[in-house]
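To start, the structure itself, in structure tokens.
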2 protein chains.
Amino acid sequence: MKIDKSLVKSFPLFEKMPDDDLERLLSQATIRRIPAGDAVFEQGGAATHFFLLLNGRLKVTQVTPDGQQIIVRVVHPGDLFGFAKALQRLDYPGTALCVSEALALCWPTDLWPRFIDRNPQLAITALNTIGQRLDEAHTRIREMSTEEVERRVAHAVLRLSKQAGKAEDAGVRIDFPITRQDIAEMTGTTLHTVSRIMSAWESKGLVSGGRQRLLVRNVAGLKALADGAKAG
Amino acid sequence: MKIDKSLVKSFPLFEKMPDDDLERLLSQATIRRIPAGDAVFEQGGAATHFFLLLNGRLKVTQVTPDGQQIIVRVVHPGDLFGFAKALQRLDYPGTALCVSEALALCWPTDLWPRFIDRNPQLAITALNTIGQRLDEAHTRIREMSTEEVERRVAHAVLRLSKQAGKAEDAGVRIDFPITRQDIAEMTGTTLHTVSRIMSAWESKGLVSGGRQRLLVRNVAGLKALADGAKAG
DNA sequence: CGCTGTATTGACAACGTTCAACGGTTGTGG
DNA sequence: CCACAACCGTTGAACGTTGTCAATACAGCG
């Protein structure tokens, strides 16, 4: 299958890469279509490939020994994922589940050291990416340590609307199917609590949505909640 | 001041580095003594240097806008810290506070790109380090999402005993001063709850300790708690 | 048309925070 | 060297947020 070079080049991660380097990179990639509901890789599986998401959405989940699940992150177009081997792991730490029909580039993890060798700039880019991800993780830890559930949910929804928001007449639509359970797993609470919170928000006109759909009608209002304004 | 090369070389991070590369690295470092209670750098301050801890202990904290504090991580000898600029940040995301008289190597952050250029292996090493740190952050998120306070505290104490444990007759001593407040800030709870939990543990012979001291008397027992055994 | 997954809502229990008071230890300055 | 302040730790009681249990309803899909 043919790979759209200009699409890849439009991602911040690759925009600074010289054309011929990019060409070489892409020539070694294969492309893969992932239907919604399929897993790209599974927690604990051997880390044979790493990936670049071209479009669609994935969620990366982890399950605890006793069966509880959390969402580690949502993968958006332009994101690298399945990075495990680059971090000196042999297995994937989580499961990447497709929630919205996706297209991804795949490289064998063995190629990683050679890439770095040829292109040290890539190492720095990768470092920045991981660093940013670490920062996000710390933010989440800080929120879970210090904020009550409603604020955490507000933050999560705002992040989603930033990363996956599509402007509509009535507000900002989260551009992929997402359930209350998903939001619960992103914020460390239960779907019941999320449902209660979002019902309250809906009656205040902050959001609206039903089954797997979510529309933010009042971003400023949500921000106020996220920043600590008490719900009135 | 003279720098002890063999000490640096004993850290996993540098053990694979050729001698002359290491020499060059060290020749550009300055050494700094940090008394307990002092900050190496402060949250929001310009990221002018990055560091390697030779001995002593630091805690890296963040404060929220409304004044609550969390401990992001504890820095142990051999750890790199103050990495910010390598991750494309201009400021330090947290404050590094010395809790136990420390010695650290300092490099200007400007040197980082040159280091990488000269020594691509260093980039991979750094990538692994950050990757591991990301993994730890996810572990913490998972624990905070799914586990109750007592298990989280058990996990935190076990980690400390692994990273800073010193064998003693009666058990494993945490080798630096640590308060209930500290543990609360590592686990996302209050010092009151930590105090209650540790009092209960003490009466069961799992731990002992008083003012800023902590001794784990029964590692297996704590592990059982951390793995989900109900407290009897 | 019934099944499965999603969502809503109520009642209740509990875990953990908040508020409050007190005791002990360390370190400091008169 | 003693008095005092500052810090650390403990414990009790009350409250509240949030999880648990349970029942119902609705949408999509085979």
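Every chain in the structure tokens has a letter given in the order shown (A, B, ...), and although residue numbers restart at 1 in each chain, ligands are simply numbered from 1 in the order shown.
Shell of DC2 of chain D at 12 Å, with only C-alpha atoms (C1' of nucleotides) counted and residues fewer than 6 places along the chain excluded, is DT28, DG29 and DG30 of chain C.
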Give me, as JSON lines, the closest atom pair and its distance (Å, one decimal) for every residue of chain A within a cut-off of 10 Å of chain C, counting only C-alpha atoms (C1' of nucleotides), rows sorted by chain and rising number.
```
{"residue": "A:Thr179", "atom": "CA", "partner": "C:DT6", "partner_atom": "C1'", "distance": 7.6}
{"residue": "A:Arg180", "atom": "CA", "partner": "C:DA7", "partner_atom": "C1'", "distance": 8.2}
{"residue": "A:Gln181", "atom": "CA", "partner": "C:DT6", "partner_atom": "C1'", "distance": 9.0}
{"residue": "A:Leu191", "atom": "CA", "partner": "C:DA7", "partner_atom": "C1'", "distance": 9.2}
{"residue": "A:His192", "atom": "CA", "partner": "C:DT8", "partner_atom": "C1'", "distance": 8.6}
{"residue": "A:Ser195", "atom": "CA", "partner": "C:DT8", "partner_atom": "C1'", "distance": 7.3}
{"residue": "A:Arg196", "atom": "CA", "partner": "C:DT8", "partner_atom": "C1'", "distance": 7.9}
{"residue": "A:Ser199", "atom": "CA", "partner": "C:DT8", "partner_atom": "C1'", "distance": 8.4}
{"residue": "A:Gly210", "atom": "CA", "partner": "C:DA7", "partner_atom": "C1'", "distance": 7.9}
{"residue": "A:Arg211", "atom": "CA", "partner": "C:DT6", "partner_atom": "C1'", "distance": 6.4}
{"residue": "A:Gln212", "atom": "CA", "partner": "C:DT6", "partner_atom": "C1'", "distance": 7.9}
```
Output file for the selection above: N, CA and C atoms, as a compact mmCIF listing (two decimals), in the first residue's frame:
```
# COMPACT_ATOMS: atom_id res chain seq x y z
N THR A 179 -17.33 6.01 26.29
CA THR A 179 -18.36 5.66 27.27
C THR A 179 -18.05 6.26 28.63
N ARG A 180 -19.05 6.26 29.51
CA ARG A 180 -18.85 6.73 30.90
C ARG A 180 -17.81 5.84 31.58
N GLN A 181 -17.88 4.57 31.24
CA GLN A 181 -16.91 3.62 31.78
C GLN A 181 -15.49 4.05 31.40
N LEU A 191 -18.15 4.22 36.86
CA LEU A 191 -19.05 4.75 35.85
C LEU A 191 -20.29 5.38 36.49
N HIS A 192 -20.68 4.91 37.64
CA HIS A 192 -21.85 5.47 38.32
C HIS A 192 -21.61 6.94 38.67
N SER A 195 -21.54 9.06 35.63
CA SER A 195 -22.89 9.25 35.12
C SER A 195 -23.62 10.32 35.91
N ARG A 196 -23.54 10.24 37.24
CA ARG A 196 -24.17 11.26 38.08
C ARG A 196 -23.64 12.65 37.77
N SER A 199 -24.76 13.84 34.35
CA SER A 199 -26.19 14.20 34.37
C SER A 199 -26.36 15.60 34.94
N GLY A 210 -25.18 11.32 24.68
CA GLY A 210 -25.82 10.10 25.14
C GLY A 210 -24.85 8.98 24.90
N ARG A 211 -25.37 7.90 24.52
CA ARG A 211 -24.64 6.70 24.24
C ARG A 211 -23.34 6.92 23.43
N GLN A 212 -22.23 6.83 24.11
CA GLN A 212 -20.91 6.90 23.47
C GLN A 212 -20.65 8.23 22.74
```
**Message:** Quick one: residues within 10 Å of Ala47 of chain B, only C-alpha atoms (C1' of nucleotides), excluding same-chain residues fewer than 4 positions away - as a VMD selection string?
**Reply:** chain B and resid 41 to 43 82 to 86 89 to 93 108 to 110
For the selection you just gave me, I'd like the residues written to a file as a tab-separated table (two decimals), in the first residue's frame, keeping C-alpha atoms.
```
chain	number	residue	atom	x	y	z
B	41	PHE	CA	16.28	23.94	42.26
B	42	GLU	CA	12.76	25.26	42.58
B	43	GLN	CA	9.56	24.63	40.69
B	82	GLY	CA	16.70	18.04	36.90
B	83	PHE	CA	16.41	16.66	33.42
B	84	ALA	CA	13.95	19.26	32.29
B	85	LYS	CA	15.77	20.82	29.39
B	86	ALA	CA	16.55	17.48	27.82
B	89	ARG	CA	11.31	22.37	28.92
B	90	LEU	CA	12.70	25.71	29.94
B	91	ASP	CA	11.78	25.47	33.60
B	92	TYR	CA	11.92	22.81	36.28
B	93	PRO	CA	8.54	21.18	36.78
B	108	PRO	CA	24.92	23.12	32.28
B	109	THR	CA	21.89	22.04	30.27
B	110	ASP	CA	23.39	23.64	27.16
```
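Taking only segment 87-116 of chain A, the residues that DSSP calls strand (DSSP E or B) from the backbone come to Asp91, Thr95, Ala96, Leu97, Cys98, Val99, Ser100, Glu101, Ala102, Leu103, Ala104, Leu105, Cys106, Trp107 and Pro108 of chain A.
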**Message:** For a quick test of understanding: name the residues of chain D lying within 10 Å of chain B when counting only C-alpha atoms (C1' of nucleotides), and present them as a PyMOL selection string.
**Reply:** chain D and resi 7-11
How would the residues just chosen look if you wrote them out with N, CA and C atoms (P, O5', C5', C4', C3', O3' and C1' of nucleotides) as a short mmCIF file (atom, residue, chain, number, x, y, z; two decimals), in the first residue's frame?
```cif
data_model
loop_
_atom_site.label_atom_id
_atom_site.label_comp_id
_atom_site.auth_asym_id
_atom_site.auth_seq_id
_atom_site.Cartn_x
_atom_site.Cartn_y
_atom_site.Cartn_z
P DC D 7 8.12 24.70 62.25
"O5'" DC D 7 8.18 23.12 62.36
"C5'" DC D 7 9.45 22.51 62.60
"C4'" DC D 7 9.22 21.11 63.08
"C3'" DC D 7 8.27 20.28 62.20
"O3'" DC D 7 9.00 19.15 61.73
"C1'" DC D 7 7.81 19.98 64.49
P DC D 8 8.36 18.24 60.59
"O5'" DC D 8 7.88 16.96 61.44
"C5'" DC D 8 8.85 16.22 62.15
"C4'" DC D 8 8.14 15.26 63.06
"C3'" DC D 8 7.12 14.37 62.35
"O3'" DC D 8 7.53 13.02 62.46
"C1'" DC D 8 6.26 15.28 64.39
P DG D 9 6.65 11.91 61.74
"O5'" DG D 9 5.64 11.51 62.89
"C5'" DG D 9 6.15 10.99 64.10
"C4'" DG D 9 5.02 10.82 65.09
"C3'" DG D 9 3.85 9.97 64.57
"O3'" DG D 9 3.84 8.75 65.31
"C1'" DG D 9 3.12 11.91 65.73
P DT D 10 2.73 7.67 65.00
"O5'" DT D 10 1.55 8.06 66.00
"C5'" DT D 10 1.81 8.08 67.40
"C4'" DT D 10 0.55 8.45 68.13
"C3'" DT D 10 -0.68 7.59 67.75
"O3'" DT D 10 -1.12 6.94 68.93
"C1'" DT D 10 -1.21 9.92 67.79
P DT D 11 -2.08 5.69 68.83
"O5'" DT D 11 -3.50 6.34 69.07
"C5'" DT D 11 -3.67 7.26 70.14
"C4'" DT D 11 -4.94 8.05 69.96
"C3'" DT D 11 -6.13 7.26 69.40
"O3'" DT D 11 -7.10 7.16 70.42
"C1'" DT D 11 -5.99 9.44 68.49
#
```
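Atom CA of Ile3 of chain A to atom CA of Thr30 of chain A spans 8.7 Å [interatomic distance, one decimal].
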Counting only C-alpha atoms, which residues in chain B sit no more than 8 Å from chain A? For each one, give the nearest pair of atoms and the distance in Å, sorted by chain then residue number, as a Markdown table.
```
| residue | atom | partner | partner_atom | distance |
| --- | --- | --- | --- | --- |
| B:Thr64 | CA | A:Arg142 | CA | 7.9 |
| B:Gln68 | CA | A:Thr146 | CA | 7.0 |
| B:Ile70 | CA | A:Arg142 | CA | 6.8 |
| B:Val72 | CA | A:His138 | CA | 7.2 |
| B:Ala86 | CA | A:Asn128 | CA | 7.3 |
| B:Leu87 | CA | A:Asn128 | CA | 4.6 |
| B:Gln88 | CA | A:Asn128 | CA | 6.1 |
| B:Ile116 | CA | A:Pro120 | CA | 7.6 |
| B:Asp117 | CA | A:Pro120 | CA | 7.0 |
| B:Pro120 | CA | A:Pro120 | CA | 6.5 |
| B:Ala123 | CA | A:Ala123 | CA | 6.2 |
| B:Ile124 | CA | A:Ala123 | CA | 7.3 |
| B:Ala126 | CA | A:Leu127 | CA | 7.9 |
| B:Leu127 | CA | A:Leu127 | CA | 6.0 |
| B:Asn128 | CA | A:Leu87 | CA | 4.6 |
| B:Thr129 | CA | A:Leu87 | CA | 7.9 |
| B:Ile130 | CA | A:Gly131 | CA | 7.1 |
| B:Gly131 | CA | A:Leu87 | CA | 5.2 |
| B:Gln132 | CA | A:Leu87 | CA | 7.2 |
| B:Arg133 | CA | A:Leu134 | CA | 7.5 |
| B:Leu134 | CA | A:Leu134 | CA | 5.3 |
| B:Ala137 | CA | A:Ala137 | CA | 6.1 |
| B:His138 | CA | A:Ala137 | CA | 6.9 |
| B:Arg140 | CA | A:Ile141 | CA | 7.5 |
| B:Ile141 | CA | A:Ile141 | CA | 6.1 |
| B:Arg142 | CA | A:Ile70 | CA | 6.8 |
| B:Met144 | CA | A:Met144 | CA | 7.2 |
| B:Ser145 | CA | A:Gly188 | CA | 4.1 |
| B:Thr146 | CA | A:Gly188 | CA | 7.0 |
| B:Glu185 | CA | A:Ser145 | CA | 7.9 |
| B:Thr187 | CA | A:Ser145 | CA | 7.4 |
| B:Gly188 | CA | A:Ser145 | CA | 4.2 |
| B:Thr189 | CA | A:Ser145 | CA | 7.0 |
```
**Asked** How many Å separate atom CA of Phe81 of chain A from atom CA of Phe81 of chain B?
**Response** 25.4 Å
**Request:** List every residue of chain A that DSSP, applied to the backbone, labels as helix (DSSP H, G or I), and write the result as a ChimeraX atom specification.
**Result:** /A:5-9,19-27,84-87,111-118,120-146,149-164,180-187,191-203,219-226
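The two atoms in question, atom CA of Leu80 of chain B and atom CA of Ala102 of chain B, are spaced 13.5 Å apart.
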**Message:** Show me, as a VMD selection string, the residues that have an atom within 10 Å of Val219 of chain A when counting only C-alpha atoms (C1' of nucleotides), minus same-chain residues fewer than 2 positions from it.
**Reply:** chain A and resid 154 157 to 158 161 171 to 172 206 to 207 216 to 217 221 to 225
